[in-house]
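J.: Dropping the structure in here first, questions after.
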Amino acid sequence: MGHNNPGRARREIARDNERLSRMTDEERRKEQDAEELAYAKSQARNEAYQSFSKEERVIYTKIRDAMAMAESRAFNSWYRTKLERENKG
């Protein structure tokens, strides 16, 4: 939850709890495994980043930011196209 809205946070927690209560044990285990994998990947990324030289960190940051910008532009373009198609039909 990347926000400072307590009401929204409570609603998200309630929604997550409701979703979790409907899950089977196997679904819960798969979700936990996915969360653990995401955490392990994040840790590995952070460790690799820490091993970079100062110059490598600058390059990495520029590439990461450029990739995020490209992804954002691609999504915005896709979304605009989607809205245009919906408005035509």
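The chains in the structure tokens are called A, B, ... from first to last as shown; in each chain the residues are counted from 1, and the ligands are counted from 1 in the order shown.
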Would you mind listing what lies within 12 Å of range 59-61 of chain A as a ChimeraX atom specification, with only C-alpha atoms counted and same-chain residues fewer than 5 positions away left out?
T.: /A:45-46,48-54,66-68
J.: Let's have the selection written as a compact mmCIF listing (two decimals), in the first residue's frame, with all heavy atoms.
T.:
```
# COMPACT_ATOMS: atom_id res chain seq x y z
N ARG A 45 18.36 -8.43 -6.72
CA ARG A 45 18.58 -7.19 -7.45
C ARG A 45 19.32 -6.17 -6.59
O ARG A 45 20.26 -5.52 -7.03
CB ARG A 45 17.23 -6.60 -7.88
CG ARG A 45 17.02 -6.55 -9.36
CD ARG A 45 15.76 -5.83 -9.78
NE ARG A 45 14.62 -5.90 -8.91
CZ ARG A 45 13.69 -6.84 -8.95
NH1 ARG A 45 13.77 -7.81 -9.83
NH2 ARG A 45 12.67 -6.83 -8.12
N ASN A 46 18.88 -6.05 -5.33
CA ASN A 46 19.52 -5.09 -4.43
C ASN A 46 20.98 -5.46 -4.17
O ASN A 46 21.85 -4.59 -4.13
CB ASN A 46 18.75 -5.00 -3.11
CG ASN A 46 17.43 -4.31 -3.26
OD1 ASN A 46 17.22 -3.56 -4.19
ND2 ASN A 46 16.51 -4.58 -2.34
N ALA A 48 22.95 -7.19 -6.15
CA ALA A 48 23.70 -6.93 -7.38
C ALA A 48 23.98 -5.43 -7.51
O ALA A 48 25.10 -5.03 -7.84
CB ALA A 48 22.94 -7.44 -8.59
N TYR A 49 22.98 -4.63 -7.23
CA TYR A 49 23.14 -3.17 -7.32
C TYR A 49 24.23 -2.69 -6.38
O TYR A 49 25.05 -1.84 -6.73
CB TYR A 49 21.81 -2.48 -7.02
CG TYR A 49 21.87 -0.98 -7.09
CD1 TYR A 49 21.85 -0.33 -8.32
CD2 TYR A 49 21.94 -0.21 -5.94
CE1 TYR A 49 21.90 1.06 -8.40
CE2 TYR A 49 22.01 1.17 -6.01
CZ TYR A 49 21.99 1.80 -7.24
OH TYR A 49 22.05 3.17 -7.31
N GLN A 50 24.26 -3.24 -5.17
CA GLN A 50 25.27 -2.84 -4.19
C GLN A 50 26.68 -3.18 -4.64
O GLN A 50 27.64 -2.52 -4.25
CB GLN A 50 24.99 -3.49 -2.83
CG GLN A 50 23.70 -3.04 -2.17
CD GLN A 50 23.62 -1.54 -1.98
OE1 GLN A 50 24.58 -0.91 -1.59
NE2 GLN A 50 22.47 -0.96 -2.26
N SER A 51 26.81 -4.21 -5.49
CA SER A 51 28.14 -4.60 -5.96
C SER A 51 28.61 -3.74 -7.13
O SER A 51 29.77 -3.84 -7.53
CB SER A 51 28.13 -6.08 -6.37
OG SER A 51 27.39 -6.26 -7.56
N PHE A 52 27.74 -2.89 -7.70
CA PHE A 52 28.12 -2.05 -8.83
C PHE A 52 29.07 -0.95 -8.38
O PHE A 52 28.99 -0.44 -7.27
CB PHE A 52 26.89 -1.38 -9.45
CG PHE A 52 25.96 -2.28 -10.18
CD1 PHE A 52 24.72 -1.83 -10.56
CD2 PHE A 52 26.30 -3.59 -10.51
CE1 PHE A 52 23.83 -2.64 -11.24
CE2 PHE A 52 25.43 -4.41 -11.19
CZ PHE A 52 24.19 -3.93 -11.56
N SER A 53 29.95 -0.56 -9.29
CA SER A 53 30.78 0.61 -9.05
C SER A 53 29.88 1.85 -9.18
O SER A 53 28.74 1.76 -9.64
CB SER A 53 31.91 0.69 -10.08
OG SER A 53 31.37 0.97 -11.37
N LYS A 54 30.41 2.99 -8.81
CA LYS A 54 29.63 4.22 -8.90
C LYS A 54 29.19 4.49 -10.33
O LYS A 54 28.03 4.85 -10.58
CB LYS A 54 30.45 5.40 -8.37
CG LYS A 54 29.67 6.67 -8.26
CD LYS A 54 30.48 7.77 -7.61
CE LYS A 54 29.66 9.03 -7.47
NZ LYS A 54 30.38 10.09 -6.78
N ALA A 66 14.84 4.93 -17.97
CA ALA A 66 14.42 4.95 -19.37
C ALA A 66 13.42 3.82 -19.64
O ALA A 66 12.44 4.01 -20.36
CB ALA A 66 15.64 4.81 -20.29
N MET A 67 13.66 2.65 -19.06
CA MET A 67 12.74 1.52 -19.23
C MET A 67 11.39 1.84 -18.61
O MET A 67 10.34 1.54 -19.19
CB MET A 67 13.33 0.25 -18.62
CG MET A 67 14.55 -0.28 -19.33
SD MET A 67 14.20 -0.86 -20.99
CE MET A 67 13.27 -2.32 -20.62
N ALA A 68 11.38 2.44 -17.44
CA ALA A 68 10.13 2.80 -16.78
C ALA A 68 9.36 3.82 -17.62
O ALA A 68 8.14 3.72 -17.77
CB ALA A 68 10.40 3.35 -15.38
```
J.: Report, in Å to a single decimal, how far apart CA of Glu26 in chain A and CA of Arg11 in chain A are.
T.: 25.3 Å
J.: Which residues of range 41-85 of chain A have any atom within 12 Å of an atom in range 33-36 of chain A when counting only C-alpha atoms, and what is the closest pair of atoms for each, with the distance in Å to one decimal? Order the rows by chain and rising number and write it as JSON lines.
T.:
```
{"residue": "A:Lys41", "atom": "CA", "partner": "A:Glu36", "partner_atom": "CA", "distance": 8.6}
{"residue": "A:Ser42", "atom": "CA", "partner": "A:Glu36", "partner_atom": "CA", "distance": 9.8}
{"residue": "A:Gln43", "atom": "CA", "partner": "A:Glu36", "partner_atom": "CA", "distance": 10.4}
```
J.: Go ahead and write the selection's residues with all heavy atoms as a compact mmCIF listing (two decimals), in the first residue's frame.
T.:
```txt
# COMPACT_ATOMS: atom_id res chain seq x y z
N LYS A 41 13.79 -12.21 -5.57
CA LYS A 41 14.26 -11.48 -6.75
C LYS A 41 14.68 -10.06 -6.37
O LYS A 41 15.70 -9.55 -6.83
CB LYS A 41 13.17 -11.41 -7.82
CG LYS A 41 12.95 -12.69 -8.57
CD LYS A 41 11.81 -12.47 -9.56
CE LYS A 41 11.72 -13.52 -10.60
NZ LYS A 41 10.63 -13.24 -11.56
N SER A 42 13.87 -9.43 -5.54
CA SER A 42 14.17 -8.06 -5.11
C SER A 42 15.48 -8.02 -4.33
O SER A 42 16.32 -7.14 -4.55
CB SER A 42 13.02 -7.53 -4.25
OG SER A 42 13.34 -6.27 -3.73
N GLN A 43 15.67 -8.98 -3.44
CA GLN A 43 16.90 -9.05 -2.66
C GLN A 43 18.11 -9.25 -3.57
O GLN A 43 19.14 -8.62 -3.39
CB GLN A 43 16.83 -10.18 -1.63
CG GLN A 43 15.89 -9.89 -0.47
CD GLN A 43 16.34 -8.70 0.34
OE1 GLN A 43 15.80 -7.61 0.21
NE2 GLN A 43 17.35 -8.90 1.15
```
J.: May I ask for the distance between CA of Glu27 in chain A and CA of Ala40 in chain A, given in Å to one decimal place?
T.: 19.8 Å
